[in-house]
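Take a look at the structure set out below.
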4 protein chains.
Amino acid sequence: MTAHLATMLVACPDRKGIVASLAQVLYGHGANILDADQHTDPVAGMFFQRIKFDLSSLTTDKVALEAGLREVSERFGMQSRLAYGNQVPRVAILCSKLEHCLYDLLIRYRAGELPCEIAMVVSNHAALEGVARHFEIPFHHLPVSADTRAEQEAAMVQLIDDAKIDLVVLARYMQVLTPSFVARYPSRIINIHHSFLPAFVGASPYRQAFEKGVKLIGATSHYVTEDLDQVPIIEQAVIRCSHRDSVEELVRKGRELETRVLAAAVRWHLQDRILVYAGKTVVFD
Amino acid sequence: MTAHLATMLVACPDRKGIVASLAQVLYGHGANILDADQHTDPVAGMFFQRIKFDLSSLTTDKVALEAGLREVSERFGMQSRLAYGNQVPRVAILCSKLEHCLYDLLIRYRAGELPCEIAMVVSNHAALEGVARHFEIPFHHLPVSADTRAEQEAAMVQLIDDAKIDLVVLARYMQVLTPSFVARYPSRIINIHHSFLPAFVGASPYRQAFEKGVKLIGATSHYVTEDLDQVPIIEQAVIRCSHRDSVEELVRKGRELETRVLAAAVRWHLQDRILVYAGKTVVFD
Amino acid sequence: MTAHLATMLVACPDRKGIVASLAQVLYGHGANILDADQHTDPVAGMFFQRIKFDLSSLTTDKVALEAGLREVSERFGMQSRLAYGNQVPRVAILCSKLEHCLYDLLIRYRAGELPCEIAMVVSNHAALEGVARHFEIPFHHLPVSADTRAEQEAAMVQLIDDAKIDLVVLARYMQVLTPSFVARYPSRIINIHHSFLPAFVGASPYRQAFEKGVKLIGATSHYVTEDLDQVPIIEQAVIRCSHRDSVEELVRKGRELETRVLAAAVRWHLQDRILVYAGKTVVFD
Amino acid sequence: MTAHLATMLVACPDRKGIVASLAQVLYGHGANILDADQHTDPVAGMFFQRIKFDLSSLTTDKVALEAGLREVSERFGMQSRLAYGNQVPRVAILCSKLEHCLYDLLIRYRAGELPCEIAMVVSNHAALEGVARHFEIPFHHLPVSADTRAEQEAAMVQLIDDAKIDLVVLARYMQVLTPSFVARYPSRIINIHHSFLPAFVGASPYRQAFEKGVKLIGATSHYVTEDLDQVPIIEQAVIRCSHRDSVEELVRKGRELETRVLAAAVRWHLQDRILVYAGKTVVFD
């Protein structure tokens with residue numbers, strides 16, 4: 001996304017005239033709508049929209065445009081978020097010892113697939129320092145034990161806040177985050193769970209899948225909330241398995257899914273495509 | 001789709017203000033936009049939109065609304081189509097001896113998945129008359145040979161035009177249609193081809209797939225044009241196969257694909273979700 | 001499967017020499033192995049095999065061959081099943097008011113996809129009598145209420161046993177079967193559940209999926225046991241969904257999955273491809 | 001695969017007694033069959049088998065066992081290959097500037113997914129030297145121009161033969177190999193083509209796919225032969241695309257497919273699961 005583009009995400013009670021009002025304001029200031037996607041939930045009476053527009057021939061300026069959008073926003077009781085293409089989101093990746101998701105994100109990042117600045121890799125183990133260094137990303141080793149969880153999280157918060165991180169990605173980070181950490185970054189922490197939620201919520205989902213004898217295994221990316229049973233799901237995928245697959249084979253097959261499903265969620269978040277609502281997500285893909 | 005709804009499909013050269021102008025006209029007449037999806041092709045400089053709106057609290061009337069939309073349409077050089085929910089499209093299904101696609105369409109029709117009136121089944125064989133009768137659809141048997149093609153197509157045209165058919169669906173109809181028949185119904189004939197186009201354009205695609213040793217077989221639904229190499233593709237799907245599959249097994253697996261891929265195309269067409277453009281389709285799904 | 005073919009399914013503790021012994025017996029009697037697939041579960045120490053062979057140039061006779069196989073079977077402590085191609089399995093389909101799975105099975109049956117004799121359709125409603133009659137299958141209407149469950153099941157048992165039914169298929173049969181009915185036909189009742197088990201075990205799985213905001217919905221075919229949480233799963237498939245899908249859309253998308261997943265399970269069972277073991281299935285596909 | 005295991009791949013004209021004879025020899029020497037998969041092509045009258053067996057309680061020795069297998073092999077006119085678990089295949093990866101397939105293979109290699117020794121990375125560019133070095137694999141830079149093709153290939157042959165390479169993997173290697181190079185390593189060079197073959201054989205398949213307006217894009221891994229139209233296909237996969245996808249988006253989506261499809265082919269080859277036959281493959285997966 002280049003500097004002259006902007007994206008607006010909107011959620012509000014459904015009423016007549018929302019689309020016209022927003023489009024009119026943008027047109028009145030000379031902004032050109034490049035892409036617009038909307039969704040109405042008739043049961044909840046809610047309206048959602050994502051508008052991507054071009055500012056390069058703005059006839060006024062950003063201040064005036066924002067004032068106009070704010071006026072519409074207030075009139076309709078909108079929750080909205082406006083992101084400019086020159087504000088590059090800053091990302092922190094948390095990981096432990098498993099390397100596949102970290103590699104995948106960093107390879108995609110270098111290929112230009114993830115419109116962000118990956119500012120740091122943080123881990124409770126030193127194992128992946130070489131991976132971060134290979135991609136020239138600062139690495140922070142913050143070991144943790146049951147006794148030092150509070151201090152370790154405090155150190156992470158310090159790092160994240162000092163670096164003005166917009167999004168935290170858990171790339172198979174094997175520690176449970178405390179409720180206070182989770183509450184600090186609402187809809188700003190993305191995790192990958194190695195099962196097709198809501199199946200196999202607990203520990204060792206591949207072992208559970210093996211024992212149940214399922215014919216497909218899955219992976220789920222989601223925003224982190226306190227309760228894994230209630231997370232807003234962003235993306236899911238599955239892959240075929242059979243009686244021939246040992247737990248180890250399921251783990252191998254699952255790695256492919258995990259990288260894919262996590263990367264999709266991160267990309268969509270960075271492209272301002274996701275709205276969280278009633279414990280679920282609207283993904284304008 | 002119920003009577004108080006309408007759908008508008010628009011294609012025009014891309015310019016600023018299109019979205020705002022259409023939204024403003026709809027809002028000005030009291031129509032409520034329920035769903036809007038758009039696409040801009042930056043290479044061709046083209047803009048496409050589908051708007052679904054509710055007319056139940058119109059503050060003017062349809063005549064005034066249409067005049068307003070026509071004015072915008074002319075201003076931007078739009079090709080547009082406006083469909084009201086109470087205008088139920090009329091469909092003719094052409095088939096030969098294979099029954100799976102015909103059954104599938106009629107079962108979905110009776111389940112309410114296809115918003116249309118299936119007005120007739122036409123076949124060059126009598127084999128499927130019992131199927132049509134079971135679903136209480138008029139059946140017309142129009143046998144054809146190399147010598148009688150012109151007369152048979154003339155009879156079909158008569159049936160189709162007399163019944164004011166909007167869409168012709170080829171449900172594994174095993175006759176080649178003449179260019180003049182095809183030209184008579186542009187973007188109004190949907191066919192299912194039993195391969196993943198552009199692979200295996202010619203005869204016996206499952207045999208070709210078998211001989212090539214592919215690991216996936218496919219099916220493609222498309223609008224009929226004179227040249228199968230150049231058809232606008234609407235939908236495609238594939239299914240896994242292996243060295244174990246004989247040609248007969250591929251035929252069996254393919255039936256599942258064919259029904260699914262044809263039904264999706266028919267449903268999208270009937271819901272006014274498809275625009276044809278430069279030999280390709282824009283499908284607002 | 002034609003008359004000169006036979007299929008043998010074997011399960012036993014793993015030991016050296018099983019494959020050689022069976023192959024030797026078959027070869028010694030002049031049977032020709034057409035296809036053999038095996039599986040060893042190293043954790044449980046179990047061996048499983050499916051052998052399909054041709055009897056047309058048998059040098060002895062079936063009695064001698066069976067004696068030879070019985071001797072091997074006893075030596076290795078096998079549980080085994082031998083099915084001849086001329087013994088066509090007899091099937092009863094149970095349904096209620098939903099027609100999609102019934103239609104799908106009967107269409108595939110007439111197309112030759114299901115190697116069996118569908119001997120009857122049984123329903124607690126009269127709604128689908130016309131479908132059965134269209135395919136010329138005897139239809140039995142056995143209404144049921146909370147008070148008459150015992151009598152209704154007794155009547156079903158009578159019908160099933162009198163007709164020497166080998167397999168009962170629940171094609172969206174909306175009644176819970178009693179434990180005694182289920183226990184009467186172990187691994188001989190196949191059901192389709194409209195979710196990706198073990199997710200959404202309870203009622204209204206599509207509504208549960210909608211409320212959870214999953215991005216894929218699924219269907220699962222399984223042998224019926226007393227506890228839906230513990231069923232041997234035969235086949236599963238999923239289809240993509242999104243925030244745009246209402247519960248009704250999920251139901252529509254699910255129908256496609258349900259038919260496909262149920263038909264695969266029925267076909268595999270009829271081809272003697274499934275072994276049940278430790279609450280799971282081995283499917284030699 | 002550990003040292004006490006062995007895999008045998010067999011192809012021969014179909015006759016009675018093949019399975020029994022091989023199983024008998026293995027049993028007679030005390031080898032334990034762990035896994036056996038077979039395929040009969042009734043049209044061509046050919047038989048194919050893969051047997052994996054355990055040598056740890058051999059009652060004779062490898063020399064005696066091999067003599068026994070050779071006797072059977074000659075009797076039935078078999079082409080066969082016997083691989084012991086302690087003979088680790090040696091692999092060379094050829095690449096140019098695109099890094100995704102190289103990274104993917106090396107990550108899987110380090111995770112233990114590829115049972116081989118990756119002995120070298122060879123490239124006509126220096127761009128990926130850092131990747132090879134990061135994974136501690138020797139890197140050879142062999143630049144090439146139209147004038148120096150013969151010398152460059154001669155240098156590659158020297159490297160490959162000196163290192164006793166068993167398999168050459170083209171990980172998006174952007175040079176056409178000469179017929180003599182290809183002929184030197186029959187069924188020992190695996191390539192990834194970025195389309196669903198036989199569609200889009202020529203240059204820029206993603207651009208061709210975009211222009212055709214297909215709704216799925218694919219990738220194909222195959223053994224290299226002189227004619228891309230006639231290659232033995234090993235694995236194929238597809239991913240959904242739409243009118244929204246630019247050529248660049250197709251390239252991005254395709255990377256995921258390419259890595260997956262290439263890695264599967266390499267793993268299956270290394271596990272001795274592939275037989276090439278009549279321009280097609282039998283993959284015992």
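Every chain in the structure tokens has a letter given in the order shown (A, B, ...), and although residue numbers restart at 1 in each chain, ligands are simply numbered from 1 in the order shown.
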Can you tell me which residues surround Glu129 (chain D) at a distance of at most 10 Å, considering only C-alpha atoms, apart from same-chain residues fewer than 5 positions away, and format the answer as an MDAnalysis selection string? chainID D and resid 97 121:123 134 137:141
If you keep N, CA and C atoms, can you produce a file of those selected residues as an mmCIF file, in the first residue's frame?
data_model
loop_
_atom_site.group_PDB
_atom_site.id
_atom_site.type_symbol
_atom_site.label_atom_id
_atom_site.label_comp_id
_atom_site.auth_asym_id
_atom_site.auth_seq_id
_atom_site.Cartn_x
_atom_site.Cartn_y
_atom_site.Cartn_z
ATOM 1 N N LYS D 97 16.932 -17.117 -8.759
ATOM 2 C CA LYS D 97 16.828 -15.991 -7.821
ATOM 3 C C LYS D 97 15.643 -16.099 -6.864
ATOM 4 N N VAL D 121 23.665 -26.799 -3.100
ATOM 5 C CA VAL D 121 22.760 -25.912 -3.824
ATOM 6 C C VAL D 121 23.573 -25.318 -4.967
ATOM 7 N N VAL D 122 23.031 -25.412 -6.175
ATOM 8 C CA VAL D 122 23.724 -24.880 -7.350
ATOM 9 C C VAL D 122 22.832 -23.811 -7.970
ATOM 10 N N SER D 123 23.419 -22.696 -8.353
ATOM 11 C CA SER D 123 22.600 -21.637 -8.941
ATOM 12 C C SER D 123 23.362 -20.907 -10.034
ATOM 13 N N HIS D 134 23.080 -20.079 5.398
ATOM 14 C CA HIS D 134 22.302 -20.086 6.652
ATOM 15 C C HIS D 134 21.970 -21.521 7.077
ATOM 16 N N ILE D 137 24.629 -25.465 3.844
ATOM 17 C CA ILE D 137 24.717 -26.333 2.675
ATOM 18 C C ILE D 137 25.706 -25.695 1.692
ATOM 19 N N PRO D 138 26.638 -26.486 1.141
ATOM 20 C CA PRO D 138 27.578 -25.928 0.158
ATOM 21 C C PRO D 138 26.838 -25.301 -1.030
ATOM 22 N N PHE D 139 27.312 -24.148 -1.467
ATOM 23 C CA PHE D 139 26.663 -23.415 -2.547
ATOM 24 C C PHE D 139 27.652 -23.266 -3.705
ATOM 25 N N HIS D 140 27.167 -23.539 -4.898
ATOM 26 C CA HIS D 140 28.020 -23.395 -6.080
ATOM 27 C C HIS D 140 27.382 -22.417 -7.050
ATOM 28 N N HIS D 141 28.099 -21.383 -7.386
ATOM 29 C CA HIS D 141 27.595 -20.374 -8.312
ATOM 30 C C HIS D 141 28.137 -20.665 -9.705
#
Show me a table, sorted first by chain and then by increasing residue number, of the residues of chain A having an atom at most 12 Å from chain B, each with its shortest atom pair and the distance in Å to one decimal, counting only C-alpha atoms and written as a tab-separated table.
residue	atom	partner	partner_atom	distance
A:Asp14	CA	B:Leu34	CA	9.4
A:Arg15	CA	B:Asn32	CA	8.0
A:Lys16	CA	B:Asn32	CA	5.3
A:Gly17	CA	B:Tyr27	CA	5.6
A:Ile18	CA	B:Ile33	CA	8.7
A:Val19	CA	B:Ala23	CA	6.4
A:Ala20	CA	B:Ala23	CA	4.5
A:Ser21	CA	B:Gln24	CA	7.8
A:Leu22	CA	B:Ala20	CA	8.0
A:Ala23	CA	B:Ala20	CA	4.5
A:Gln24	CA	B:Ala20	CA	5.1
A:Val25	CA	B:Ala20	CA	8.5
A:Leu26	CA	B:Ala20	CA	8.2
A:Tyr27	CA	B:Gly17	CA	5.6
A:Gly28	CA	B:Gly17	CA	8.7
A:His29	CA	B:Gly17	CA	10.5
A:Gly30	CA	B:Lys16	CA	7.7
A:Ala31	CA	B:Lys16	CA	7.6
A:Asn32	CA	B:Lys16	CA	5.3
A:Ile33	CA	B:Lys16	CA	7.3
A:Leu34	CA	B:Thr40	CA	6.5
A:Asp35	CA	B:Gln38	CA	6.4
A:Ala36	CA	B:Gln38	CA	6.2
A:Asp37	CA	B:Asp37	CA	5.4
A:Gln38	CA	B:Ala36	CA	6.2
A:His39	CA	B:Asp35	CA	6.4
A:Thr40	CA	B:Leu34	CA	6.5
A:Asp41	CA	B:Leu34	CA	9.5
A:Pro42	CA	B:Leu34	CA	9.2
A:Gly45	CA	B:Leu34	CA	11.3
A:Met46	CA	B:Leu34	CA	11.0
A:Phe47	CA	B:Leu34	CA	9.1
A:Phe48	CA	B:Asp35	CA	10.3
A:Gln49	CA	B:Ala36	CA	9.7
A:Arg50	CA	B:Asp37	CA	10.7
A:Ile51	CA	B:Gln38	CA	10.5
A:Lys52	CA	B:Gln38	CA	11.3
A:Phe53	CA	B:Lys16	CA	10.3
A:Asp54	CA	B:Lys16	CA	9.9
A:Leu55	CA	B:Lys16	CA	11.4
A:Ser56	CA	B:Lys16	CA	11.9
A:Ser57	CA	B:Lys16	CA	10.0
A:Leu58	CA	B:Lys16	CA	11.1
A:Arg240	CA	B:Arg240	CA	11.3
A:Phe284	CA	B:Asp37	CA	10.6
A:Asp285	CA	B:Asp285	CA	11.4
List the spatial neighbours of Gln175 (chain C) as a CSV table (one decimal) with N, CA and C atoms, in the first residue's frame - criterion: any atom at most 10 Å away, only C-alpha atoms, same-chain residues fewer than 3 positions off excluded.
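around31.csv, written as the output of this step:
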chain,number,residue,atom,x,y,z
C,94,LEU,N,-33.4,-45.2,5.8
C,94,LEU,CA,-34.4,-44.6,6.6
C,94,LEU,C,-34.3,-43.1,6.4
C,95,CYS,N,-35.4,-42.4,6.3
C,95,CYS,CA,-35.4,-41.0,6.1
C,95,CYS,C,-36.7,-40.4,6.8
C,96,SER,N,-36.7,-39.1,6.8
C,96,SER,CA,-37.9,-38.4,7.4
C,96,SER,C,-38.5,-37.5,6.3
C,123,SER,N,-39.8,-44.6,6.4
C,123,SER,CA,-39.8,-43.2,6.9
C,123,SER,C,-40.9,-43.1,7.9
C,124,ASN,N,-40.6,-42.2,8.9
C,124,ASN,CA,-41.7,-41.8,9.8
C,124,ASN,C,-42.7,-40.8,9.3
C,144,VAL,N,-44.2,-42.3,14.0
C,144,VAL,CA,-43.7,-42.5,15.4
C,144,VAL,C,-44.0,-41.3,16.2
C,145,SER,N,-44.3,-41.6,17.5
C,145,SER,CA,-44.4,-40.5,18.5
C,145,SER,C,-43.7,-41.0,19.7
C,149,ARG,N,-42.6,-45.2,20.2
C,149,ARG,CA,-41.3,-45.5,19.7
C,149,ARG,C,-41.0,-47.0,19.7
C,170,LEU,N,-29.0,-44.1,7.4
C,170,LEU,CA,-29.8,-43.0,7.9
C,170,LEU,C,-29.6,-41.8,7.0
C,172,ARG,N,-30.5,-38.6,6.7
C,172,ARG,CA,-31.2,-37.5,7.5
C,172,ARG,C,-32.5,-38.0,8.1
C,178,THR,N,-33.1,-46.2,19.5
C,178,THR,CA,-32.9,-46.7,20.9
C,178,THR,C,-31.6,-47.5,20.9
Selection near Phe135 (chain D), 10 Å with only C-alpha atoms, sequence-local residues under 5 positions removed, as a PDB file with N, CA and C atoms, in the first residue's frame:
ATOM      1  N   TYR D 103      13.956 -22.132   0.340  1.00  0.00           N
ATOM      2  CA  TYR D 103      13.706 -22.041   1.780  1.00  0.00           C
ATOM      3  C   TYR D 103      12.839 -23.196   2.257  1.00  0.00           C
ATOM      4  N   LEU D 106      14.655 -26.484   2.456  1.00  0.00           N
ATOM      5  CA  LEU D 106      15.686 -26.540   3.495  1.00  0.00           C
ATOM      6  C   LEU D 106      15.071 -26.553   4.897  1.00  0.00           C
ATOM      7  N   ILE D 107      13.961 -25.849   5.082  1.00  0.00           N
ATOM      8  CA  ILE D 107      13.277 -25.881   6.381  1.00  0.00           C
ATOM      9  C   ILE D 107      12.729 -27.284   6.656  1.00  0.00           C
ATOM     10  N   TYR D 109      13.825 -30.021   5.361  1.00  0.00           N
ATOM     11  CA  TYR D 109      14.996 -30.892   5.511  1.00  0.00           C
ATOM     12  C   TYR D 109      15.478 -30.865   6.960  1.00  0.00           C
ATOM     13  N   ARG D 110      15.619 -29.659   7.502  1.00  0.00           N
ATOM     14  CA  ARG D 110      16.091 -29.530   8.874  1.00  0.00           C
ATOM     15  C   ARG D 110      15.085 -30.086   9.876  1.00  0.00           C
ATOM     16  N   GLY D 130      23.355 -16.737   0.464  1.00  0.00           N
ATOM     17  CA  GLY D 130      23.129 -16.522   1.900  1.00  0.00           C
ATOM     18  C   GLY D 130      22.139 -17.514   2.488  1.00  0.00           C
TER      19      GLY D 130
END
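One distance worth recording is that between CA of His125 (chain D) and CA of Val168 (chain D), which is 17.5 Å.
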If you count only C-alpha atoms, which residues fall within 9 Å of Tyr206 (chain B), apart from same-chain ones fewer than 6 positions away, as a VMD selection string? chain B and resid 194 to 195 200 217 247 to 248 250 to 251 254
Region 117-277 of chain C: which residues are strand (DSSP E) by DSSP, as number ranges by chain? C: 117-123, 139-141, 167-170, 189-193, 216-223, 233-240, 274-277
Could you turn the residues from that selection into a file that holds N, CA and C atoms, as a CSV table (one decimal), in the first residue's frame?
chain,number,residue,atom,x,y,z
C,117,GLU,N,-28.4,-54.0,-3.4
C,117,GLU,CA,-29.8,-54.0,-3.7
C,117,GLU,C,-30.5,-53.1,-2.7
C,118,ILE,N,-31.0,-51.9,-3.1
C,118,ILE,CA,-31.8,-51.1,-2.2
C,118,ILE,C,-33.2,-51.7,-2.1
C,119,ALA,N,-33.4,-52.3,-0.9
C,119,ALA,CA,-34.6,-53.1,-0.8
C,119,ALA,C,-35.8,-52.4,-0.3
C,120,MET,N,-35.6,-51.3,0.4
C,120,MET,CA,-36.7,-50.5,0.9
C,120,MET,C,-36.3,-49.1,1.4
C,121,VAL,N,-37.3,-48.2,1.4
C,121,VAL,CA,-37.1,-46.9,2.0
C,121,VAL,C,-38.2,-46.9,3.1
C,122,VAL,N,-37.7,-46.6,4.3
C,122,VAL,CA,-38.6,-46.5,5.5
C,122,VAL,C,-38.6,-45.1,6.0
C,123,SER,N,-39.8,-44.6,6.4
C,123,SER,CA,-39.8,-43.2,6.9
C,123,SER,C,-40.9,-43.1,7.9
C,139,PHE,N,-41.7,-48.5,-0.4
C,139,PHE,CA,-41.7,-47.5,0.7
C,139,PHE,C,-42.6,-48.0,1.8
C,140,HIS,N,-42.1,-47.8,3.0
C,140,HIS,CA,-42.9,-48.2,4.2
C,140,HIS,C,-43.0,-46.9,5.1
C,141,HIS,N,-44.2,-46.6,5.4
C,141,HIS,CA,-44.5,-45.4,6.3
C,141,HIS,C,-44.8,-45.9,7.7
C,167,LEU,N,-27.3,-53.6,5.5
C,167,LEU,CA,-26.8,-52.3,5.9
C,167,LEU,C,-28.0,-51.3,6.0
C,168,VAL,N,-28.1,-50.6,7.1
C,168,VAL,CA,-29.1,-49.6,7.3
C,168,VAL,C,-28.5,-48.2,7.1
C,169,VAL,N,-29.0,-47.4,6.2
C,169,VAL,CA,-28.5,-46.0,6.0
C,169,VAL,C,-29.5,-45.0,6.5
C,170,LEU,N,-29.0,-44.1,7.4
C,170,LEU,CA,-29.8,-43.0,7.9
C,170,LEU,C,-29.6,-41.8,7.0
C,189,ILE,N,-25.1,-49.7,10.7
C,189,ILE,CA,-25.9,-48.6,10.5
C,189,ILE,C,-25.0,-47.4,10.2
C,190,ILE,N,-25.2,-46.7,9.1
C,190,ILE,CA,-24.4,-45.5,8.7
C,190,ILE,C,-25.2,-44.3,8.8
C,191,ASN,N,-24.7,-43.3,9.5
C,191,ASN,CA,-25.5,-42.0,9.6
C,191,ASN,C,-24.7,-40.9,9.0
C,192,ILE,N,-25.3,-39.8,8.7
C,192,ILE,CA,-24.7,-38.5,8.3
C,192,ILE,C,-25.0,-37.5,9.3
C,193,HIS,N,-23.9,-36.9,9.9
C,193,HIS,CA,-24.1,-35.8,10.9
C,193,HIS,C,-23.7,-34.6,10.2
C,216,LEU,N,-15.3,-22.6,8.1
C,216,LEU,CA,-15.6,-23.8,7.3
C,216,LEU,C,-16.7,-24.5,8.0
C,217,ILE,N,-17.7,-25.1,7.3
C,217,ILE,CA,-18.6,-26.0,7.9
C,217,ILE,C,-18.3,-27.4,7.3
C,218,GLY,N,-18.8,-28.4,8.0
C,218,GLY,CA,-18.4,-29.8,7.7
C,218,GLY,C,-19.6,-30.7,7.8
C,219,ALA,N,-19.3,-31.9,7.3
C,219,ALA,CA,-20.2,-33.0,7.5
C,219,ALA,C,-19.4,-34.3,7.8
C,220,THR,N,-20.0,-35.2,8.5
C,220,THR,CA,-19.3,-36.4,9.0
C,220,THR,C,-20.2,-37.6,8.8
C,221,SER,N,-19.8,-38.7,8.1
C,221,SER,CA,-20.5,-39.9,8.1
C,221,SER,C,-19.8,-40.9,9.0
C,222,HIS,N,-20.6,-41.7,9.7
C,222,HIS,CA,-20.1,-42.6,10.7
C,222,HIS,C,-21.0,-43.8,11.0
C,223,TYR,N,-20.4,-44.8,11.6
C,223,TYR,CA,-21.3,-45.9,12.1
C,223,TYR,C,-22.0,-45.4,13.3
C,233,ILE,N,-15.7,-42.6,12.9
C,233,ILE,CA,-15.9,-41.7,11.7
C,233,ILE,C,-15.4,-42.4,10.5
C,234,ILE,N,-16.2,-42.3,9.4
C,234,ILE,CA,-15.9,-42.9,8.1
C,234,ILE,C,-15.3,-41.9,7.2
C,235,GLU,N,-16.0,-40.8,7.0
C,235,GLU,CA,-15.6,-39.8,6.1
C,235,GLU,C,-16.0,-38.4,6.6
C,236,GLN,N,-15.2,-37.4,6.2
C,236,GLN,CA,-15.5,-36.0,6.5
C,236,GLN,C,-15.2,-35.1,5.4
C,237,ALA,N,-15.9,-34.0,5.3
C,237,ALA,CA,-15.5,-33.0,4.3
C,237,ALA,C,-16.0,-31.6,4.8
C,238,VAL,N,-15.4,-30.6,4.3
C,238,VAL,CA,-15.8,-29.2,4.7
C,238,VAL,C,-16.0,-28.3,3.4
C,239,ILE,N,-16.6,-27.2,3.7
C,239,ILE,CA,-16.8,-26.2,2.6
C,239,ILE,C,-16.7,-24.8,3.3
C,240,ARG,N,-16.1,-23.9,2.5
C,240,ARG,CA,-15.9,-22.6,3.0
C,240,ARG,C,-17.1,-21.8,3.3
C,274,ILE,N,-14.0,-51.0,4.8
C,274,ILE,CA,-13.9,-50.4,6.1
C,274,ILE,C,-13.8,-51.5,7.2
C,275,LEU,N,-12.8,-51.2,8.1
C,275,LEU,CA,-12.7,-52.0,9.3
C,275,LEU,C,-12.9,-51.1,10.5
C,276,VAL,N,-13.6,-51.5,11.5
C,276,VAL,CA,-13.8,-50.7,12.7
C,276,VAL,C,-12.9,-51.2,13.8
C,277,TYR,N,-12.2,-50.4,14.5
C,277,TYR,CA,-11.2,-50.8,15.4
C,277,TYR,C,-10.9,-49.7,16.4
Would you please extract all helix (DSSP H, G or I) residues from region 49-209 of chain D, as assigned by DSSP on the backbone, and give them as a ChimeraX atom specification? /D:62-76,100-110,129-134,149-162,179-184,205-209
Give me the residues within 9 Å of Met78 (chain C) as a list in words, counting only C-alpha atoms and dropping any in the same chain fewer than 3 places off. Val10, Ala11, Cys12, Pro13, Val72, Ser73, Glu74 and Arg75 of chain C
For the selection just defined, write its residues with all heavy atoms to a file, as a short mmCIF file (atom, residue, chain, number, x, y, z; two decimals), in the first residue's frame.
data_model
loop_
_atom_site.label_atom_id
_atom_site.label_comp_id
_atom_site.auth_asym_id
_atom_site.auth_seq_id
_atom_site.Cartn_x
_atom_site.Cartn_y
_atom_site.Cartn_z
N VAL C 10 -9.35 -58.50 6.94
CA VAL C 10 -8.68 -59.21 8.01
C VAL C 10 -8.19 -58.24 9.08
O VAL C 10 -7.65 -57.19 8.75
CB VAL C 10 -7.46 -59.97 7.43
CG1 VAL C 10 -6.51 -60.44 8.52
CG2 VAL C 10 -7.93 -61.15 6.59
N ALA C 11 -8.36 -58.59 10.34
CA ALA C 11 -7.75 -57.86 11.46
C ALA C 11 -7.20 -58.87 12.44
O ALA C 11 -7.90 -59.83 12.80
CB ALA C 11 -8.78 -56.97 12.14
N CYS C 12 -5.96 -58.69 12.88
CA CYS C 12 -5.39 -59.61 13.87
C CYS C 12 -4.16 -58.99 14.52
O CYS C 12 -3.64 -57.99 14.02
CB CYS C 12 -5.02 -60.94 13.22
SG CYS C 12 -3.73 -60.85 11.99
N PRO C 13 -3.69 -59.57 15.62
CA PRO C 13 -2.44 -59.09 16.20
C PRO C 13 -1.33 -59.22 15.17
O PRO C 13 -1.27 -60.22 14.43
CB PRO C 13 -2.22 -60.04 17.39
CG PRO C 13 -3.57 -60.58 17.72
CD PRO C 13 -4.30 -60.66 16.41
N VAL C 72 -5.57 -70.53 8.16
CA VAL C 72 -4.68 -69.38 8.38
C VAL C 72 -5.29 -68.44 9.41
O VAL C 72 -4.63 -67.94 10.33
CB VAL C 72 -4.42 -68.62 7.07
CG1 VAL C 72 -3.62 -67.34 7.34
CG2 VAL C 72 -3.69 -69.50 6.07
N SER C 73 -6.57 -68.21 9.26
CA SER C 73 -7.30 -67.30 10.13
C SER C 73 -7.18 -67.73 11.59
O SER C 73 -6.92 -66.91 12.47
CB SER C 73 -8.77 -67.31 9.68
OG SER C 73 -9.43 -66.18 10.12
N GLU C 74 -7.33 -69.00 11.81
CA GLU C 74 -7.24 -69.50 13.19
C GLU C 74 -5.82 -69.43 13.71
O GLU C 74 -5.57 -69.07 14.86
CB GLU C 74 -7.76 -70.95 13.26
CG GLU C 74 -9.29 -70.98 13.28
CD GLU C 74 -9.87 -72.34 12.95
OE1 GLU C 74 -9.11 -73.33 12.93
OE2 GLU C 74 -11.09 -72.40 12.67
N ARG C 75 -4.86 -69.76 12.83
CA ARG C 75 -3.45 -69.74 13.24
C ARG C 75 -3.03 -68.36 13.75
O ARG C 75 -2.30 -68.24 14.72
CB ARG C 75 -2.58 -70.16 12.05
CG ARG C 75 -1.09 -70.18 12.35
CD ARG C 75 -0.36 -71.27 11.57
NE ARG C 75 -0.86 -71.44 10.21
CZ ARG C 75 -0.23 -70.98 9.11
NH1 ARG C 75 0.91 -70.34 9.22
NH2 ARG C 75 -0.75 -71.18 7.90
#
